[in-house]
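Engineer: Questions regarding the structure given below will be posed in turn.
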Amino acid sequence: MLDRSRVVGILLITLMSILATEVRGQSSPRRVIYLEISADARARVGAQQQWLEMLQGVGADRVVSRTLRDGRVGIEETDMTNATVIKVSGVIAGNRLKLPGGSFSIRDKAGIRELLTRLRDDGAQVAMAEKKAFGLTSEQLVTLHGRFSQTVEFETKGRKAGDVTAELIKKIGVPFVLDSSARAAVNGNELVSDELKGLSTGTALAAVVRPLGLVIEPKREQGKQLEVQLRDTRQGKENWPIGWPLERVPVAVAPTLFEKIPLEIRNFPLSAVLNAIEKKSGVNFLIDYNTLARKDIDLATTKVTLVDEKVALLVAVSNALKQSKPRLSCEIRMDENAKPFLWITSK
């Protein structure tokens, strides 16, 4: 019986012969799929030959059938000079073929072809990884989160939303795709109403485009690079949020919002009150202008009264928001860098 080192040597020689004929003249590396099947004791006589014949049409570059006592389901990815070789090992168990990623009947040629296509398009590491939010792997999400964690270093309030969006996209450095409605929205004359300097680019961009009726939707199609789409809110399936839930108690995250001060405010515009408390606390206030517009709430014309000998800033904000009709509410959130901000909206 051949020992393992000799089997590996034969495999590499076989693959080198494949590569010598198939990658000659190619300018960039490709992925070569090598499919090896074996049978366990439960496989019926002649099963390997039947499977071998069926598997010739599933899209592998090479399909072999071996008699191995220790046949295992597995996958190995080896980088070579002109290509990446992906060896897929499967075992015939009864009347099914067990492969990495699934168990298939002999009639499920389409399912096996789809598996091998994913491996060829994305490589084993990505194709076999569990997909999380936005259909991305954990590694891809971490990479995107890192891009969105960069700090906004310029002032945003009063500037054109399209200009701010363009600067943020450039800073993030990930390909962005805008559909027709998104292009029309960012090319308009809408101004950014909140100061987002100091926040992360992900939270800031989500906040800038929301009043434009847009959302951020990361996406990666099979075999392609990650991109971020700006699209109409009504078309977005899963969008990047404006901030994240707190991981610690609020007072530990934003202690200045819990400082107490005396207040005597009578019949003042709610917008002016919020601006004053925002400056006092040093915490960014982000306002859900979409919801306010939908409910016909104008912060400048809404008058509030706050009289208290000693009240926490967060409580003062909450009491002021309750005087709006319909009522507004606030919530402490954090950006991608765990920096707190106050999100003001109406439920």
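Scheme for the structure tokens: letters A, B, ... for chains in order shown; per-chain residue numbers from 1; ligand numbers from 1 in order shown.
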When you look at segment 125-128 of chain A with a cut-off of 9 Å (counting only C-alpha atoms), what residues show up, excluding the ones that are within fewer than 3 positions of it in the same chain? I need them as a VMD selection string.
Structural biologist: chain A and resid 77 100 to 101 115 118 to 122 131 136 to 137 139 222
Engineer: Residues as selected, C-alpha atoms, written as a compact mmCIF listing (two decimals), in the first residue's frame, can you do that?
Structural biologist:
```txt
# COMPACT_ATOMS: atom_id res chain seq x y z
CA GLU A 77 -6.26 24.62 -0.37
CA PRO A 100 -17.53 19.35 2.72
CA GLY A 101 -20.71 21.41 2.85
CA LEU A 115 -20.71 23.72 -4.35
CA ARG A 118 -18.58 28.49 -5.01
CA LEU A 119 -15.18 27.00 -4.24
CA ARG A 120 -13.80 28.10 -7.61
CA ASP A 121 -15.27 31.60 -7.33
CA ASP A 122 -14.44 32.37 -3.70
CA LYS A 131 -22.25 33.74 6.63
CA LEU A 136 -20.62 38.26 4.83
CA THR A 137 -18.20 36.06 6.71
CA GLU A 139 -13.63 38.11 8.65
CA GLN A 222 -20.19 35.31 -5.33
```
Engineer: So that I can check the surroundings of segment 173-188 of chain A, please list as a ChimeraX atom specification every protein, DNA and RNA residue that reaches within 6 Å of it, counting only C-alpha atoms and ignoring chain neighbours fewer than 3 positions away.
Structural biologist: /A:162,170,212,227-231
Engineer: Export C-alpha atoms of the chosen residues as a CSV table (one decimal), in the first residue's frame?
Structural biologist:
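Writing the result to part.csv gives the following:
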```csv
chain,number,residue,atom,x,y,z
A,162,GLY,CA,-23.8,65.1,-1.3
A,170,LYS,CA,-13.6,58.4,-0.2
A,212,LEU,CA,-32.1,61.7,1.7
A,227,GLU,CA,-19.1,46.7,-2.2
A,228,VAL,CA,-21.4,49.0,-0.4
A,229,GLN,CA,-24.6,50.1,-2.0
A,230,LEU,CA,-26.5,53.3,-1.4
A,231,ARG,CA,-30.1,52.7,-2.2
```
Engineer: So that I can check the secondary structure, give me every residue of segment 18-217 of chain A assigned strand (DSSP E or B) by backbone DSSP, as a PDB file with C-alpha atoms, in the first residue's frame.
Structural biologist:
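Output file part30.pdb follows:
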```
ATOM      1  CA  ARG A  30      -6.861  30.761 -10.956  1.00  0.00           C
ATOM      2  CA  ARG A  31      -8.386  28.039  -8.795  1.00  0.00           C
ATOM      3  CA  VAL A  32      -8.118  24.403  -9.819  1.00  0.00           C
ATOM      4  CA  ILE A  33     -10.631  21.971  -8.332  1.00  0.00           C
ATOM      5  CA  TYR A  34      -9.354  18.433  -7.681  1.00  0.00           C
ATOM      6  CA  LEU A  35     -12.176  16.094  -6.570  1.00  0.00           C
ATOM      7  CA  GLU A  36     -11.240  12.803  -4.924  1.00  0.00           C
ATOM      8  CA  ILE A  37     -13.813  10.247  -3.798  1.00  0.00           C
ATOM      9  CA  SER A  38     -13.511   7.022  -1.828  1.00  0.00           C
ATOM     10  CA  ALA A  39     -16.051   4.554  -0.431  1.00  0.00           C
ATOM     11  CA  ARG A  62      -9.944  16.515 -12.211  1.00  0.00           C
ATOM     12  CA  VAL A  63     -12.027  13.730 -10.647  1.00  0.00           C
ATOM     13  CA  VAL A  64     -10.446  10.558  -9.262  1.00  0.00           C
ATOM     14  CA  SER A  65     -11.738   7.564  -7.334  1.00  0.00           C
ATOM     15  CA  GLY A  74     -12.224  17.233   3.834  1.00  0.00           C
ATOM     16  CA  ILE A  75     -10.878  20.146   1.877  1.00  0.00           C
ATOM     17  CA  GLU A  76      -7.337  21.408   1.351  1.00  0.00           C
ATOM     18  CA  GLU A  77      -6.263  24.617  -0.367  1.00  0.00           C
ATOM     19  CA  THR A  78      -2.707  24.907  -1.659  1.00  0.00           C
ATOM     20  CA  ASP A  79      -1.217  27.994  -3.295  1.00  0.00           C
ATOM     21  CA  ALA A  83      -2.915  28.712  -9.386  1.00  0.00           C
ATOM     22  CA  THR A  84      -4.546  27.758  -6.125  1.00  0.00           C
ATOM     23  CA  VAL A  85      -5.324  24.058  -5.936  1.00  0.00           C
ATOM     24  CA  ILE A  86      -8.418  23.077  -3.967  1.00  0.00           C
ATOM     25  CA  LYS A  87      -8.527  19.373  -3.180  1.00  0.00           C
ATOM     26  CA  VAL A  88     -12.035  18.251  -2.222  1.00  0.00           C
ATOM     27  CA  SER A  89     -12.248  14.810  -0.604  1.00  0.00           C
ATOM     28  CA  GLY A  90     -15.564  12.965  -0.405  1.00  0.00           C
ATOM     29  CA  VAL A  91     -16.738   9.613   0.887  1.00  0.00           C
ATOM     30  CA  ILE A  92     -19.517   7.430  -0.538  1.00  0.00           C
ATOM     31  CA  ALA A  93     -21.639   6.332   2.408  1.00  0.00           C
ATOM     32  CA  ARG A  96     -24.943   9.253  -0.807  1.00  0.00           C
ATOM     33  CA  LEU A  97     -21.736  11.180  -1.328  1.00  0.00           C
ATOM     34  CA  LYS A  98     -20.566  13.158   1.664  1.00  0.00           C
ATOM     35  CA  LEU A  99     -18.608  16.283   0.754  1.00  0.00           C
ATOM     36  CA  GLY A 102     -23.295  18.713   2.324  1.00  0.00           C
ATOM     37  CA  SER A 103     -24.471  15.193   1.581  1.00  0.00           C
ATOM     38  CA  PHE A 104     -25.671  14.511  -1.971  1.00  0.00           C
ATOM     39  CA  SER A 105     -27.579  11.837  -3.837  1.00  0.00           C
ATOM     40  CA  LYS A 131     -22.250  33.745   6.625  1.00  0.00           C
ATOM     41  CA  THR A 137     -18.201  36.063   6.712  1.00  0.00           C
ATOM     42  CA  THR A 151     -13.072  59.005  12.593  1.00  0.00           C
ATOM     43  CA  LYS A 160     -24.336  69.838   1.281  1.00  0.00           C
ATOM     44  CA  PHE A 176     -19.658  52.153  -3.440  1.00  0.00           C
ATOM     45  CA  VAL A 177     -22.525  51.652  -5.865  1.00  0.00           C
ATOM     46  CA  LEU A 178     -25.361  54.171  -6.191  1.00  0.00           C
ATOM     47  CA  LEU A 191     -27.929  70.154   3.844  1.00  0.00           C
ATOM     48  CA  SER A 200     -17.078  57.127  13.034  1.00  0.00           C
ATOM     49  CA  LEU A 214     -31.274  56.264   1.507  1.00  0.00           C
ATOM     50  CA  VAL A 215     -29.685  53.405   3.421  1.00  0.00           C
ATOM     51  CA  ILE A 216     -26.281  51.723   3.385  1.00  0.00           C
ATOM     52  CA  GLU A 217     -26.336  48.091   2.300  1.00  0.00           C
TER      53      GLU A 217
END
```
Engineer: Segment 28-174 of chain A: which residues are helix (DSSP H, G or I) by DSSP, as a PyMOL selection string?
Structural biologist: chain A and resi 47-55+109-127+133-135+138-148+161-172
Engineer: Store the residues of this selection in a file with N, CA and C atoms, as a short mmCIF file (atom, residue, chain, number, x, y, z; two decimals), in the first residue's frame.
Structural biologist:
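Final output, saved to part-v1.cif:
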```cif
data_model
loop_
_atom_site.label_atom_id
_atom_site.label_comp_id
_atom_site.auth_asym_id
_atom_site.auth_seq_id
_atom_site.Cartn_x
_atom_site.Cartn_y
_atom_site.Cartn_z
N ALA A 47 -20.48 1.21 -6.82
CA ALA A 47 -20.91 2.57 -6.53
C ALA A 47 -19.87 3.60 -6.96
N GLN A 48 -18.58 3.30 -6.71
CA GLN A 48 -17.54 4.26 -7.04
C GLN A 48 -17.51 4.57 -8.54
N GLN A 49 -17.68 3.54 -9.35
CA GLN A 49 -17.65 3.74 -10.80
C GLN A 49 -18.84 4.58 -11.24
N GLN A 50 -20.02 4.35 -10.65
CA GLN A 50 -21.21 5.14 -11.00
C GLN A 50 -21.02 6.60 -10.62
N TRP A 51 -20.49 6.81 -9.43
CA TRP A 51 -20.26 8.18 -8.98
C TRP A 51 -19.19 8.86 -9.84
N LEU A 52 -18.16 8.10 -10.19
CA LEU A 52 -17.09 8.67 -11.00
C LEU A 52 -17.62 9.14 -12.34
N GLU A 53 -18.50 8.38 -12.93
CA GLU A 53 -19.08 8.77 -14.22
C GLU A 53 -19.95 10.00 -14.07
N MET A 54 -20.76 10.06 -13.02
CA MET A 54 -21.63 11.22 -12.80
C MET A 54 -20.83 12.49 -12.53
N LEU A 55 -19.76 12.36 -11.78
CA LEU A 55 -19.00 13.53 -11.35
C LEU A 55 -18.16 14.15 -12.47
N LYS A 109 -26.67 16.32 -9.19
CA LYS A 109 -25.50 16.87 -9.88
C LYS A 109 -25.46 18.39 -9.76
N ALA A 110 -26.63 19.03 -9.82
CA ALA A 110 -26.69 20.50 -9.74
C ALA A 110 -26.17 21.00 -8.39
N GLY A 111 -26.50 20.28 -7.31
CA GLY A 111 -26.04 20.70 -5.99
C GLY A 111 -24.54 20.61 -5.86
N ILE A 112 -23.94 19.53 -6.38
CA ILE A 112 -22.49 19.38 -6.32
C ILE A 112 -21.81 20.42 -7.20
N ARG A 113 -22.39 20.67 -8.37
CA ARG A 113 -21.82 21.68 -9.26
C ARG A 113 -21.85 23.06 -8.59
N GLU A 114 -22.94 23.37 -7.91
CA GLU A 114 -23.05 24.66 -7.22
C GLU A 114 -21.99 24.79 -6.13
N LEU A 115 -21.75 23.71 -5.38
CA LEU A 115 -20.71 23.72 -4.35
C LEU A 115 -19.34 23.98 -4.95
N LEU A 116 -19.01 23.27 -6.03
CA LEU A 116 -17.70 23.44 -6.65
C LEU A 116 -17.55 24.82 -7.29
N THR A 117 -18.64 25.36 -7.80
CA THR A 117 -18.60 26.71 -8.37
C THR A 117 -18.28 27.73 -7.29
N ARG A 118 -18.89 27.57 -6.12
CA ARG A 118 -18.58 28.49 -5.01
C ARG A 118 -17.12 28.39 -4.61
N LEU A 119 -16.59 27.18 -4.59
CA LEU A 119 -15.18 27.00 -4.24
C LEU A 119 -14.28 27.64 -5.28
N ARG A 120 -14.62 27.50 -6.55
CA ARG A 120 -13.80 28.10 -7.61
C ARG A 120 -13.88 29.64 -7.59
N ASP A 121 -15.08 30.15 -7.32
CA ASP A 121 -15.27 31.60 -7.33
C ASP A 121 -14.63 32.29 -6.13
N ASP A 122 -14.81 31.67 -4.94
CA ASP A 122 -14.44 32.37 -3.70
C ASP A 122 -13.29 31.74 -2.92
N GLY A 123 -12.89 30.53 -3.27
CA GLY A 123 -11.89 29.85 -2.48
C GLY A 123 -12.52 29.16 -1.28
N ALA A 124 -11.81 28.21 -0.72
CA ALA A 124 -12.38 27.39 0.36
C ALA A 124 -12.67 28.20 1.61
N GLN A 125 -11.78 29.12 1.96
CA GLN A 125 -11.94 29.86 3.21
C GLN A 125 -13.24 30.66 3.24
N VAL A 126 -13.56 31.32 2.13
CA VAL A 126 -14.78 32.13 2.08
C VAL A 126 -16.01 31.27 1.79
N ALA A 127 -15.88 30.35 0.84
CA ALA A 127 -17.04 29.55 0.42
C ALA A 127 -17.57 28.69 1.56
N ALA A 133 -24.22 38.68 9.10
CA ALA A 133 -25.02 39.80 8.59
C ALA A 133 -24.56 40.18 7.18
N PHE A 134 -25.52 40.58 6.35
CA PHE A 134 -25.29 41.01 4.97
C PHE A 134 -24.72 39.90 4.09
N GLY A 135 -24.78 38.65 4.56
CA GLY A 135 -24.24 37.53 3.80
C GLY A 135 -22.73 37.50 3.80
N SER A 138 -17.43 36.33 8.99
CA SER A 138 -16.97 37.09 10.16
C SER A 138 -15.76 37.94 9.81
N GLU A 139 -14.83 37.37 9.04
CA GLU A 139 -13.63 38.11 8.65
C GLU A 139 -13.98 39.31 7.79
N GLN A 140 -14.90 39.14 6.87
CA GLN A 140 -15.31 40.25 6.01
C GLN A 140 -16.01 41.33 6.80
N LEU A 141 -16.83 40.95 7.77
CA LEU A 141 -17.51 41.93 8.62
C LEU A 141 -16.52 42.71 9.45
N VAL A 142 -15.51 42.03 9.99
CA VAL A 142 -14.49 42.71 10.78
C VAL A 142 -13.74 43.73 9.92
N THR A 143 -13.42 43.33 8.69
CA THR A 143 -12.72 44.24 7.78
C THR A 143 -13.58 45.47 7.47
N LEU A 144 -14.85 45.25 7.18
CA LEU A 144 -15.75 46.36 6.87
C LEU A 144 -15.94 47.25 8.09
N HIS A 145 -16.10 46.65 9.26
CA HIS A 145 -16.26 47.43 10.48
C HIS A 145 -15.04 48.31 10.72
N GLY A 146 -13.86 47.76 10.41
CA GLY A 146 -12.64 48.56 10.56
C GLY A 146 -12.64 49.77 9.64
N ARG A 147 -13.11 49.59 8.41
CA ARG A 147 -13.22 50.72 7.47
C ARG A 147 -14.20 51.76 7.98
N PHE A 148 -15.31 51.30 8.53
CA PHE A 148 -16.34 52.21 9.02
C PHE A 148 -15.99 52.83 10.37
N ALA A 161 -25.26 67.65 1.70
CA ALA A 161 -25.21 66.24 2.03
C ALA A 161 -24.42 65.44 0.99
N GLY A 162 -24.55 65.82 -0.28
CA GLY A 162 -23.82 65.12 -1.33
C GLY A 162 -22.32 65.26 -1.18
N ASP A 163 -21.86 66.47 -0.80
CA ASP A 163 -20.42 66.69 -0.62
C ASP A 163 -19.89 65.89 0.57
N VAL A 164 -20.65 65.88 1.66
CA VAL A 164 -20.23 65.13 2.85
C VAL A 164 -20.22 63.64 2.54
N THR A 165 -21.23 63.17 1.82
CA THR A 165 -21.30 61.76 1.44
C THR A 165 -20.08 61.37 0.62
N ALA A 166 -19.71 62.21 -0.34
CA ALA A 166 -18.55 61.92 -1.20
C ALA A 166 -17.27 61.83 -0.38
N GLU A 167 -17.08 62.74 0.58
CA GLU A 167 -15.87 62.72 1.42
C GLU A 167 -15.82 61.47 2.29
N LEU A 168 -16.98 61.09 2.84
CA LEU A 168 -17.01 59.91 3.69
C LEU A 168 -16.73 58.65 2.90
N ILE A 169 -17.31 58.55 1.70
CA ILE A 169 -17.08 57.39 0.85
C ILE A 169 -15.59 57.27 0.50
N LYS A 170 -14.98 58.39 0.17
CA LYS A 170 -13.55 58.39 -0.16
C LYS A 170 -12.73 57.94 1.02
N LYS A 171 -13.08 58.37 2.21
CA LYS A 171 -12.33 58.01 3.41
C LYS A 171 -12.47 56.53 3.74
N ILE A 172 -13.67 55.99 3.54
CA ILE A 172 -13.91 54.59 3.85
C ILE A 172 -13.10 53.67 2.93
#
```
Engineer: Please provide as JSON, numbers by chain all residues within 6 Å of segment 278-291 of chain A, with the sequence filter that same-chain residues fewer than 5 positions apart are discarded (counting only C-alpha atoms).
Structural biologist: {"A": [211, 256, 257, 341, 342, 343, 344, 345]}
Engineer: Using only C-alpha atoms for the distances, tell me which of A:Gln150, A:Arg44, A:Thr156, A:Asp61 is nearest to Gly202 of chain A.
Structural biologist: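 Smallest separation from Gly202 of chain A among the options: A:Gln150.
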Engineer: Determine, counting only C-alpha atoms, which protein, DNA and RNA residues have an atom within 9 Å of an atom of Gly198 of chain A; residues of the same chain fewer than 4 positions away are not included. Present the result as a VMD selection string.
Structural biologist: chain A and resid 151 to 155 284 339
Engineer: Sorted by chain and rising residue number, list the residues of segment 119-219 of chain A at most 9 Å from segment 328-335 of chain A (counting only C-alpha atoms), each with its closest atom pair and distance in Å to one decimal, as JSON lines.
Structural biologist:
```
{"residue": "A:Ser149", "atom": "CA", "partner": "A:Asp335", "partner_atom": "CA", "distance": 7.9}
{"residue": "A:Leu199", "atom": "CA", "partner": "A:Asp335", "partner_atom": "CA", "distance": 6.6}
{"residue": "A:Ser200", "atom": "CA", "partner": "A:Asp335", "partner_atom": "CA", "distance": 6.0}
{"residue": "A:Thr201", "atom": "CA", "partner": "A:Asp335", "partner_atom": "CA", "distance": 8.8}
{"residue": "A:Gly202", "atom": "CA", "partner": "A:Asp335", "partner_atom": "CA", "distance": 7.7}
{"residue": "A:Thr203", "atom": "CA", "partner": "A:Asp335", "partner_atom": "CA", "distance": 5.7}
{"residue": "A:Ala204", "atom": "CA", "partner": "A:Asp335", "partner_atom": "CA", "distance": 8.6}
```
